[in-house]
$ cat upload_23.cif   # mmCIF, C-alpha atoms, pLDDT in the B column; chains and numbers go by the auth columns
data_input
loop_
_atom_site.group_PDB
_atom_site.id
_atom_site.type_symbol
_atom_site.label_atom_id
_atom_site.label_comp_id
_atom_site.label_asym_id
_atom_site.label_seq_id
_atom_site.Cartn_x
_atom_site.Cartn_y
_atom_site.Cartn_z
_atom_site.B_iso_or_equiv
_atom_site.auth_seq_id
_atom_site.auth_asym_id
ATOM 1 C CA MET A 1 1.591 -11.223 12.906 84.00 3 A
ATOM 2 C CA THR A 2 -0.217 -11.857 9.655 95.00 4 A
ATOM 3 C CA GLN A 3 0.589 -11.063 6.061 98.00 5 A
ATOM 4 C CA PHE A 4 -1.594 -8.486 4.326 98.00 6 A
ATOM 5 C CA MET A 5 -2.059 -7.535 0.696 98.00 7 A
ATOM 6 C CA ASP A 6 -3.299 -4.008 0.109 97.00 8 A
ATOM 7 C CA VAL A 7 -4.316 -2.365 -3.124 97.00 9 A
ATOM 8 C CA HIS A 8 -4.059 1.247 -4.275 97.00 10 A
ATOM 9 C CA HIS A 9 -5.864 2.699 -7.274 96.00 11 A
ATOM 10 C CA GLY A 10 -5.374 5.941 -9.156 94.00 12 A
ATOM 11 C CA MET A 11 -1.569 5.760 -9.466 95.00 13 A
ATOM 12 C CA LYS A 12 -1.537 6.007 -13.267 97.00 14 A
ATOM 13 C CA GLY A 13 1.868 6.878 -14.659 97.00 15 A
ATOM 14 C CA ILE A 14 3.727 5.949 -11.471 97.00 16 A
ATOM 15 C CA THR A 15 7.478 5.606 -12.086 97.00 17 A
ATOM 16 C CA ALA A 16 10.000 3.261 -10.491 97.00 18 A
ATOM 17 C CA ASP A 17 11.407 6.222 -8.542 97.00 19 A
ATOM 18 C CA GLN A 18 7.976 7.233 -7.262 97.00 20 A
ATOM 19 C CA LEU A 19 7.205 3.667 -6.198 97.00 21 A
ATOM 20 C CA MET A 20 10.494 3.543 -4.302 97.00 22 A
ATOM 21 C CA GLU A 21 9.826 6.925 -2.674 96.00 23 A
ATOM 22 C CA ALA A 22 6.385 5.793 -1.509 96.00 24 A
ATOM 23 C CA HIS A 23 7.855 2.545 -0.161 97.00 25 A
ATOM 24 C CA LYS A 24 10.597 4.419 1.705 97.00 26 A
ATOM 25 C CA ALA A 25 8.007 6.743 3.237 97.00 27 A
ATOM 26 C CA ASP A 26 6.226 3.666 4.610 97.00 28 A
ATOM 27 C CA LEU A 27 9.453 2.082 5.858 97.00 29 A
ATOM 28 C CA ALA A 28 10.392 5.275 7.676 97.00 30 A
ATOM 29 C CA ILE A 29 7.436 5.036 10.068 98.00 31 A
ATOM 30 C CA GLU A 30 6.247 1.414 9.858 98.00 32 A
ATOM 31 C CA LYS A 31 7.845 0.354 13.147 97.00 33 A
ATOM 32 C CA GLU A 32 5.568 2.728 15.054 97.00 34 A
ATOM 33 C CA GLU A 33 2.691 0.362 14.253 97.00 35 A
ATOM 34 C CA GLY A 34 4.677 -2.883 14.241 97.00 36 A
ATOM 35 C CA VAL A 35 4.230 -3.174 10.455 98.00 37 A
ATOM 36 C CA HIS A 36 6.777 -4.243 7.847 98.00 38 A
ATOM 37 C CA PHE A 37 6.225 -3.582 4.161 98.00 39 A
ATOM 38 C CA GLU A 38 7.949 -6.404 2.300 97.00 40 A
ATOM 39 C CA ARG A 39 7.143 -6.026 -1.392 97.00 41 A
ATOM 40 C CA ALA A 40 5.277 -3.758 -3.793 97.00 42 A
ATOM 41 C CA TRP A 41 4.197 -4.164 -7.425 98.00 43 A
ATOM 42 C CA ALA A 42 2.874 -1.430 -9.696 97.00 44 A
ATOM 43 C CA ASP A 43 1.039 -1.201 -12.996 96.00 45 A
ATOM 44 C CA PRO A 44 1.578 2.360 -14.279 97.00 46 A
ATOM 45 C CA GLN A 45 -0.962 1.813 -17.050 95.00 47 A
ATOM 46 C CA SER A 46 -3.972 0.941 -14.862 94.00 48 A
ATOM 47 C CA GLY A 47 -2.642 2.846 -11.853 96.00 49 A
ATOM 48 C CA ILE A 48 -2.895 -0.129 -9.491 96.00 50 A
ATOM 49 C CA VAL A 49 -0.287 -0.782 -6.800 97.00 51 A
ATOM 50 C CA TYR A 50 -0.193 -3.915 -4.629 97.00 52 A
ATOM 51 C CA CYS A 51 1.714 -3.935 -1.325 98.00 53 A
ATOM 52 C CA LEU A 52 2.598 -7.009 0.721 98.00 54 A
ATOM 53 C CA SER A 53 3.198 -6.461 4.419 98.00 55 A
ATOM 54 C CA GLU A 54 3.440 -8.225 7.728 98.00 56 A
ATOM 55 C CA ALA A 55 1.428 -6.520 10.434 98.00 57 A
ATOM 56 C CA PRO A 56 -0.590 -6.940 13.612 97.00 58 A
ATOM 57 C CA SER A 57 -3.824 -5.772 11.885 97.00 59 A
ATOM 58 C CA ALA A 58 -5.266 -4.326 8.691 97.00 60 A
ATOM 59 C CA GLU A 59 -5.871 -1.081 10.567 97.00 61 A
ATOM 60 C CA ALA A 60 -2.161 -0.789 11.380 98.00 62 A
ATOM 61 C CA VAL A 61 -1.346 -1.129 7.666 98.00 63 A
ATOM 62 C CA GLN A 62 -3.954 1.512 6.839 97.00 64 A
ATOM 63 C CA ARG A 63 -2.638 3.957 9.432 98.00 65 A
ATOM 64 C CA ILE A 64 0.920 3.781 8.068 98.00 66 A
ATOM 65 C CA HIS A 65 -0.213 4.166 4.450 97.00 67 A
ATOM 66 C CA GLU A 66 -2.447 7.088 5.404 96.00 68 A
ATOM 67 C CA ARG A 67 0.278 8.908 7.330 97.00 69 A
ATOM 68 C CA SER A 68 2.760 8.473 4.482 96.00 70 A
ATOM 69 C CA GLY A 69 0.336 9.993 2.007 94.00 71 A
ATOM 70 C CA HIS A 70 -1.182 7.062 0.109 93.00 72 A
ATOM 71 C CA PRO A 71 -4.266 5.870 1.987 93.00 73 A
ATOM 72 C CA THR A 72 -6.283 2.821 0.966 93.00 74 A
ATOM 73 C CA ASP A 73 -9.217 1.000 2.519 87.00 75 A
ATOM 74 C CA GLU A 74 -8.555 -2.157 0.520 94.00 76 A
ATOM 75 C CA VAL A 75 -6.425 -4.275 2.867 97.00 77 A
ATOM 76 C CA HIS A 76 -6.842 -8.050 2.996 96.00 78 A
ATOM 77 C CA PRO A 77 -5.223 -10.501 5.381 97.00 79 A
ATOM 78 C CA VAL A 78 -3.563 -13.281 3.370 98.00 80 A
ATOM 79 C CA PRO A 79 -2.850 -15.944 5.984 97.00 81 A
ATOM 80 C CA LEU A 80 -2.265 -18.572 3.267 97.00 82 A
ATOM 81 C CA SER A 81 0.620 -18.231 0.857 96.00 83 A
ATOM 82 C CA ILE A 82 2.886 -20.171 -1.468 95.00 84 A
ATOM 83 C CA MET B 1 8.751 -11.464 -20.041 84.00 222 B
ATOM 84 C CA THR B 2 6.785 -9.346 -17.611 95.00 223 B
ATOM 85 C CA GLN B 3 5.475 -9.945 -14.127 98.00 224 B
ATOM 86 C CA PHE B 4 1.707 -10.142 -13.703 98.00 225 B
ATOM 87 C CA MET B 5 -0.548 -10.012 -10.662 98.00 226 B
ATOM 88 C CA ASP B 6 -3.901 -11.701 -11.083 97.00 227 B
ATOM 89 C CA VAL B 7 -6.825 -11.760 -8.714 97.00 228 B
ATOM 90 C CA HIS B 8 -9.462 -14.432 -8.104 97.00 229 B
ATOM 91 C CA HIS B 9 -12.703 -13.874 -6.204 96.00 230 B
ATOM 92 C CA GLY B 10 -15.207 -16.316 -4.751 94.00 231 B
ATOM 93 C CA MET B 11 -12.704 -18.662 -3.064 95.00 232 B
ATOM 94 C CA LYS B 12 -14.225 -18.311 0.399 97.00 233 B
ATOM 95 C CA GLY B 13 -13.064 -20.992 2.804 97.00 234 B
ATOM 96 C CA ILE B 14 -10.072 -22.012 0.679 97.00 235 B
ATOM 97 C CA THR B 15 -7.599 -24.138 2.665 97.00 236 B
ATOM 98 C CA ALA B 16 -3.817 -24.301 2.457 97.00 237 B
ATOM 99 C CA ASP B 17 -4.132 -27.697 0.744 97.00 238 B
ATOM 100 C CA GLN B 18 -6.596 -26.359 -1.834 97.00 239 B
ATOM 101 C CA LEU B 19 -4.358 -23.377 -2.579 97.00 240 B
ATOM 102 C CA MET B 20 -1.422 -25.732 -3.103 97.00 241 B
ATOM 103 C CA GLU B 21 -3.505 -28.025 -5.326 96.00 242 B
ATOM 104 C CA ALA B 22 -4.590 -25.078 -7.484 96.00 243 B
ATOM 105 C CA HIS B 23 -0.999 -23.857 -7.718 97.00 244 B
ATOM 106 C CA LYS B 24 0.251 -27.317 -8.712 97.00 245 B
ATOM 107 C CA ALA B 25 -2.427 -27.543 -11.403 97.00 246 B
ATOM 108 C CA ASP B 26 -1.069 -24.290 -12.873 97.00 247 B
ATOM 109 C CA LEU B 27 2.549 -25.439 -12.612 97.00 248 B
ATOM 110 C CA ALA B 28 1.733 -28.691 -14.415 97.00 249 B
ATOM 111 C CA ILE B 29 0.802 -26.911 -17.662 98.00 250 B
ATOM 112 C CA GLU B 30 2.331 -23.418 -17.358 98.00 251 B
ATOM 113 C CA LYS B 31 5.275 -24.181 -19.668 97.00 252 B
ATOM 114 C CA GLU B 32 2.909 -24.708 -22.588 97.00 253 B
ATOM 115 C CA GLU B 33 2.276 -20.944 -22.563 97.00 254 B
ATOM 116 C CA GLY B 34 5.730 -19.858 -21.346 98.00 255 B
ATOM 117 C CA VAL B 35 4.263 -18.797 -17.988 98.00 256 B
ATOM 118 C CA HIS B 36 5.693 -19.317 -14.510 98.00 257 B
ATOM 119 C CA PHE B 37 3.552 -18.886 -11.404 98.00 258 B
ATOM 120 C CA GLU B 38 5.865 -17.672 -8.645 97.00 259 B
ATOM 121 C CA ARG B 39 3.743 -16.890 -5.593 97.00 260 B
ATOM 122 C CA ALA B 40 0.145 -16.963 -4.397 97.00 261 B
ATOM 123 C CA TRP B 41 -1.622 -15.424 -1.401 98.00 262 B
ATOM 124 C CA ALA B 42 -5.125 -16.249 -0.195 97.00 263 B
ATOM 125 C CA ASP B 43 -7.687 -14.729 2.142 96.00 264 B
ATOM 126 C CA PRO B 44 -10.149 -17.530 3.010 97.00 265 B
ATOM 127 C CA GLN B 45 -12.483 -15.048 4.705 95.00 266 B
ATOM 128 C CA SER B 46 -13.083 -12.730 1.717 94.00 267 B
ATOM 129 C CA GLY B 47 -12.343 -15.453 -0.838 96.00 268 B
ATOM 130 C CA ILE B 48 -9.696 -13.428 -2.671 96.00 269 B
ATOM 131 C CA VAL B 49 -6.566 -15.059 -4.097 97.00 270 B
ATOM 132 C CA TYR B 50 -3.645 -13.135 -5.611 98.00 271 B
ATOM 133 C CA CYS B 51 -1.177 -14.860 -7.949 98.00 272 B
ATOM 134 C CA LEU B 52 2.175 -13.466 -9.064 98.00 273 B
ATOM 135 C CA SER B 53 3.554 -14.803 -12.322 98.00 274 B
ATOM 136 C CA GLU B 54 6.087 -14.145 -15.036 98.00 275 B
ATOM 137 C CA ALA B 55 4.604 -14.480 -18.489 98.00 276 B
ATOM 138 C CA PRO B 56 4.723 -13.301 -22.096 97.00 277 B
ATOM 139 C CA SER B 57 1.214 -11.775 -21.848 97.00 278 B
ATOM 140 C CA ALA B 58 -1.868 -11.423 -19.638 97.00 279 B
ATOM 141 C CA GLU B 59 -3.718 -13.689 -22.067 97.00 280 B
ATOM 142 C CA ALA B 60 -1.171 -16.475 -21.505 98.00 281 B
ATOM 143 C CA VAL B 61 -1.768 -16.214 -17.736 98.00 282 B
ATOM 144 C CA GLN B 62 -5.528 -16.335 -18.311 97.00 283 B
ATOM 145 C CA ARG B 63 -5.330 -19.365 -20.571 98.00 284 B
ATOM 146 C CA ILE B 64 -3.363 -21.403 -17.990 98.00 285 B
ATOM 147 C CA HIS B 65 -5.677 -20.398 -15.137 97.00 286 B
ATOM 148 C CA GLU B 66 -8.733 -21.223 -17.248 96.00 287 B
ATOM 149 C CA ARG B 67 -7.449 -24.630 -18.297 97.00 288 B
ATOM 150 C CA SER B 68 -6.574 -25.538 -14.705 96.00 289 B
ATOM 151 C CA GLY B 69 -10.074 -24.695 -13.541 94.00 290 B
ATOM 152 C CA HIS B 70 -9.819 -21.253 -11.912 93.00 291 B
ATOM 153 C CA PRO B 71 -10.368 -18.617 -14.611 93.00 292 B
ATOM 154 C CA THR B 72 -10.051 -14.885 -13.962 93.00 293 B
ATOM 155 C CA ASP B 73 -10.211 -11.840 -16.196 87.00 294 B
ATOM 156 C CA GLU B 74 -8.422 -9.651 -13.653 94.00 295 B
ATOM 157 C CA VAL B 75 -4.772 -9.847 -14.728 97.00 296 B
ATOM 158 C CA HIS B 76 -2.499 -6.795 -14.444 96.00 297 B
ATOM 159 C CA PRO B 77 1.041 -6.417 -15.684 97.00 298 B
ATOM 160 C CA VAL B 78 3.231 -5.164 -12.833 98.00 299 B
ATOM 161 C CA PRO B 79 6.406 -4.049 -14.590 97.00 300 B
ATOM 162 C CA LEU B 80 7.531 -2.105 -11.512 97.00 301 B
ATOM 163 C CA SER B 81 8.343 -3.915 -8.280 96.00 302 B
ATOM 164 C CA ILE B 82 10.246 -3.645 -5.039 95.00 303 B
#

$ encode --input "upload_23.cif" --output "structure tokens"
Amino acid sequence: MTQFMDVHHGMKGITADQLMEAHKADLAIEKEEGVHFERAWADPQSGIVYCLSEAPSAEAVQRIHERSGHPTDEVHPVPLSI
Amino acid sequence: MTQFMDVHHGMKGITADQLMEAHKADLAIEKEEGVHFERAWADPQSGIVYCLSEAPSAEAVQRIHERSGHPTDEVHPVPLSI
């Protein structure tokens, strides 16, 4: 298992409730791919959302995000962290 | 105080020791701008590093990173988080 940081664009105006809804949608199905979404951070002004997960592969992260309605192809393994 | 996520590029091949050194260099002077760097994640393969901080402004984050030798102009406030 590796940690991954993924990035979403185009979420301008996202609210705290919408961020939580999106996160819950991921949590609801993440186990099917062996993924766990740990944290998420959003900038409503620029529309960028960062998600931190632990997963077997970047593709697994992508599949969960796609199925829950917020696809991204920007997923980076972050094996080093502080 | 707001949380910020900043992104560095061009750090291909960064090691755990180098990430820690860079983080310590930020910590050593962060108080001068009222910033605190909380977490950092690195992908040695793509050379991307993400830093999470709490700070009074994006400019304060930039000034610390610049003075400690790893400038970036990609700093986003992330007022929403999970």

$ resolve_selection --input "upload_23.cif" --expression "the PyMOL selection byres ((chain A) within 12 of (chain B))" --output "ChimeraX atom specification"
/A:4-9,15-26,39-55,76-84

$ residues_around --input "upload_23.cif" --residues "Asp247 in chain B" --least-positions-apart "3" --cutoff "10 Å" --atoms "all atoms listed in the file" --output "ChimeraX atom specification"
/B:241-244,250-252,256-258,282,285-291

$ calpha_fit_and_write --input "upload_23.cif" --fixed "chain B" --moving "chain A" --output "mmCIF file with C-alpha atoms, in the coordinates of the input"
data_model
loop_
_atom_site.group_PDB
_atom_site.id
_atom_site.type_symbol
_atom_site.label_atom_id
_atom_site.label_comp_id
_atom_site.auth_asym_id
_atom_site.auth_seq_id
_atom_site.Cartn_x
_atom_site.Cartn_y
_atom_site.Cartn_z
ATOM 1 C CA MET A 3 8.733 -11.473 -20.032
ATOM 2 C CA THR A 4 6.780 -9.340 -17.609
ATOM 3 C CA GLN A 5 5.477 -9.935 -14.124
ATOM 4 C CA PHE A 6 1.709 -10.142 -13.696
ATOM 5 C CA MET A 7 -0.546 -10.008 -10.664
ATOM 6 C CA ASP A 8 -3.902 -11.704 -11.087
ATOM 7 C CA VAL A 9 -6.833 -11.774 -8.722
ATOM 8 C CA HIS A 10 -9.467 -14.439 -8.092
ATOM 9 C CA HIS A 11 -12.704 -13.882 -6.202
ATOM 10 C CA GLY A 12 -15.207 -16.322 -4.761
ATOM 11 C CA MET A 13 -12.700 -18.654 -3.063
ATOM 12 C CA LYS A 14 -14.227 -18.305 0.409
ATOM 13 C CA GLY A 15 -13.071 -20.992 2.804
ATOM 14 C CA ILE A 16 -10.076 -21.997 0.683
ATOM 15 C CA THR A 17 -7.609 -24.131 2.666
ATOM 16 C CA ALA A 18 -3.823 -24.298 2.457
ATOM 17 C CA ASP A 19 -4.143 -27.693 0.748
ATOM 18 C CA GLN A 20 -6.599 -26.360 -1.826
ATOM 19 C CA LEU A 21 -4.364 -23.377 -2.569
ATOM 20 C CA MET A 22 -1.431 -25.732 -3.097
ATOM 21 C CA GLU A 23 -3.509 -28.021 -5.328
ATOM 22 C CA ALA A 24 -4.598 -25.085 -7.490
ATOM 23 C CA HIS A 25 -0.998 -23.857 -7.724
ATOM 24 C CA LYS A 26 0.246 -27.319 -8.712
ATOM 25 C CA ALA A 27 -2.431 -27.545 -11.402
ATOM 26 C CA ASP A 28 -1.070 -24.301 -12.868
ATOM 27 C CA LEU A 29 2.550 -25.445 -12.611
ATOM 28 C CA ALA A 30 1.721 -28.682 -14.404
ATOM 29 C CA ILE A 31 0.808 -26.903 -17.647
ATOM 30 C CA GLU A 32 2.341 -23.418 -17.362
ATOM 31 C CA LYS A 33 5.289 -24.169 -19.652
ATOM 32 C CA GLU A 34 2.920 -24.694 -22.580
ATOM 33 C CA GLU A 35 2.300 -20.935 -22.549
ATOM 34 C CA GLY A 36 5.742 -19.852 -21.344
ATOM 35 C CA VAL A 37 4.262 -18.792 -17.982
ATOM 36 C CA HIS A 38 5.691 -19.306 -14.500
ATOM 37 C CA PHE A 39 3.550 -18.893 -11.406
ATOM 38 C CA GLU A 40 5.867 -17.680 -8.657
ATOM 39 C CA ARG A 41 3.744 -16.890 -5.609
ATOM 40 C CA ALA A 42 0.146 -16.981 -4.409
ATOM 41 C CA TRP A 43 -1.618 -15.441 -1.402
ATOM 42 C CA ALA A 44 -5.119 -16.253 -0.191
ATOM 43 C CA ASP A 45 -7.678 -14.731 2.142
ATOM 44 C CA PRO A 46 -10.141 -17.526 3.003
ATOM 45 C CA GLN A 47 -12.458 -15.043 4.706
ATOM 46 C CA SER A 48 -13.064 -12.732 1.723
ATOM 47 C CA GLY A 49 -12.351 -15.451 -0.836
ATOM 48 C CA ILE A 50 -9.694 -13.435 -2.671
ATOM 49 C CA VAL A 51 -6.569 -15.066 -4.101
ATOM 50 C CA TYR A 52 -3.649 -13.134 -5.610
ATOM 51 C CA CYS A 53 -1.179 -14.858 -7.952
ATOM 52 C CA LEU A 54 2.176 -13.473 -9.067
ATOM 53 C CA SER A 55 3.555 -14.810 -12.329
ATOM 54 C CA GLU A 56 6.084 -14.151 -15.029
ATOM 55 C CA ALA A 57 4.622 -14.473 -18.499
ATOM 56 C CA PRO A 58 4.730 -13.294 -22.097
ATOM 57 C CA SER A 59 1.206 -11.769 -21.856
ATOM 58 C CA ALA A 60 -1.859 -11.419 -19.652
ATOM 59 C CA GLU A 61 -3.716 -13.685 -22.069
ATOM 60 C CA ALA A 62 -1.175 -16.466 -21.507
ATOM 61 C CA VAL A 63 -1.767 -16.214 -17.744
ATOM 62 C CA GLN A 64 -5.525 -16.319 -18.316
ATOM 63 C CA ARG A 65 -5.330 -19.367 -20.576
ATOM 64 C CA ILE A 66 -3.373 -21.387 -18.000
ATOM 65 C CA HIS A 67 -5.689 -20.397 -15.140
ATOM 66 C CA GLU A 68 -8.738 -21.215 -17.255
ATOM 67 C CA ARG A 69 -7.448 -24.635 -18.297
ATOM 68 C CA SER A 70 -6.567 -25.539 -14.710
ATOM 69 C CA GLY A 71 -10.065 -24.699 -13.537
ATOM 70 C CA HIS A 72 -9.818 -21.261 -11.919
ATOM 71 C CA PRO A 73 -10.374 -18.620 -14.598
ATOM 72 C CA THR A 74 -10.058 -14.893 -13.952
ATOM 73 C CA ASP A 75 -10.219 -11.840 -16.186
ATOM 74 C CA GLU A 76 -8.428 -9.660 -13.649
ATOM 75 C CA VAL A 77 -4.776 -9.845 -14.725
ATOM 76 C CA HIS A 78 -2.511 -6.806 -14.448
ATOM 77 C CA PRO A 79 1.039 -6.415 -15.697
ATOM 78 C CA VAL A 80 3.233 -5.169 -12.840
ATOM 79 C CA PRO A 81 6.411 -4.056 -14.599
ATOM 80 C CA LEU A 82 7.540 -2.110 -11.506
ATOM 81 C CA SER A 83 8.333 -3.916 -8.287
ATOM 82 C CA ILE A 84 10.256 -3.643 -5.041
#

$ atom_distance --input "upload_23.cif" --atom1 "CA of Asp294 in chain B" --atom2 "CA of His229 in chain B"
8.5 Å

$ atom_distance --input "upload_23.cif" --atom1 "CA of Ala57 in chain A" --atom2 "CA of Met3 in chain A"
5.3 Å

$ decode --input "upload_23.cif" --residues "range 252-266 of chain B" --atoms "N, CA, C and O atoms" --output "short mmCIF file (atom, residue, chain, number, x, y, z; two decimals), in the first residue's frame"
data_model
loop_
_atom_site.label_atom_id
_atom_site.label_comp_id
_atom_site.auth_asym_id
_atom_site.auth_seq_id
_atom_site.Cartn_x
_atom_site.Cartn_y
_atom_site.Cartn_z
N LYS B 252 8.53 30.93 11.99
CA LYS B 252 7.88 31.81 12.98
C LYS B 252 8.02 33.29 12.62
O LYS B 252 7.20 34.11 13.02
N GLU B 253 9.06 33.60 11.86
CA GLU B 253 9.29 35.00 11.49
C GLU B 253 8.16 35.55 10.62
O GLU B 253 8.00 36.77 10.51
N GLU B 254 7.40 34.65 9.99
CA GLU B 254 6.27 35.07 9.16
C GLU B 254 4.94 34.56 9.72
O GLU B 254 3.90 34.65 9.06
N GLY B 255 4.99 33.96 10.93
CA GLY B 255 3.76 33.43 11.53
C GLY B 255 3.21 32.21 10.82
O GLY B 255 2.01 31.92 10.87
N VAL B 256 4.10 31.48 10.14
CA VAL B 256 3.70 30.29 9.37
C VAL B 256 4.03 29.03 10.17
O VAL B 256 4.98 29.03 10.97
N HIS B 257 3.25 27.96 9.98
CA HIS B 257 3.68 26.66 10.47
C HIS B 257 3.47 25.60 9.40
O HIS B 257 2.35 25.41 8.92
N PHE B 258 4.56 24.94 9.02
CA PHE B 258 4.48 23.85 8.05
C PHE B 258 4.15 22.55 8.79
O PHE B 258 4.90 22.12 9.66
N GLU B 259 3.00 21.97 8.44
CA GLU B 259 2.48 20.82 9.19
C GLU B 259 2.86 19.48 8.60
O GLU B 259 3.20 18.55 9.32
N ARG B 260 2.73 19.35 7.29
CA ARG B 260 2.96 18.06 6.63
C ARG B 260 3.62 18.31 5.27
O ARG B 260 3.54 19.41 4.73
N ALA B 261 4.23 17.26 4.74
CA ALA B 261 4.77 17.33 3.38
C ALA B 261 4.74 15.93 2.79
O ALA B 261 4.90 14.94 3.52
N TRP B 262 4.49 15.86 1.50
CA TRP B 262 4.41 14.58 0.78
C TRP B 262 5.21 14.73 -0.51
O TRP B 262 5.07 15.73 -1.21
N ALA B 263 6.01 13.71 -0.84
CA ALA B 263 6.85 13.82 -2.03
C ALA B 263 6.75 12.59 -2.93
O ALA B 263 6.63 11.46 -2.43
N ASP B 264 6.80 12.86 -4.22
CA ASP B 264 6.85 11.82 -5.25
C ASP B 264 8.19 11.95 -5.96
O ASP B 264 8.35 12.78 -6.85
N PRO B 265 9.19 11.14 -5.57
CA PRO B 265 10.52 11.26 -6.18
C PRO B 265 10.50 11.02 -7.68
O PRO B 265 11.35 11.55 -8.40
N GLN B 266 9.54 10.22 -8.16
CA GLN B 266 9.52 9.88 -9.58
C GLN B 266 9.10 11.06 -10.45
O GLN B 266 9.75 11.36 -11.45
#
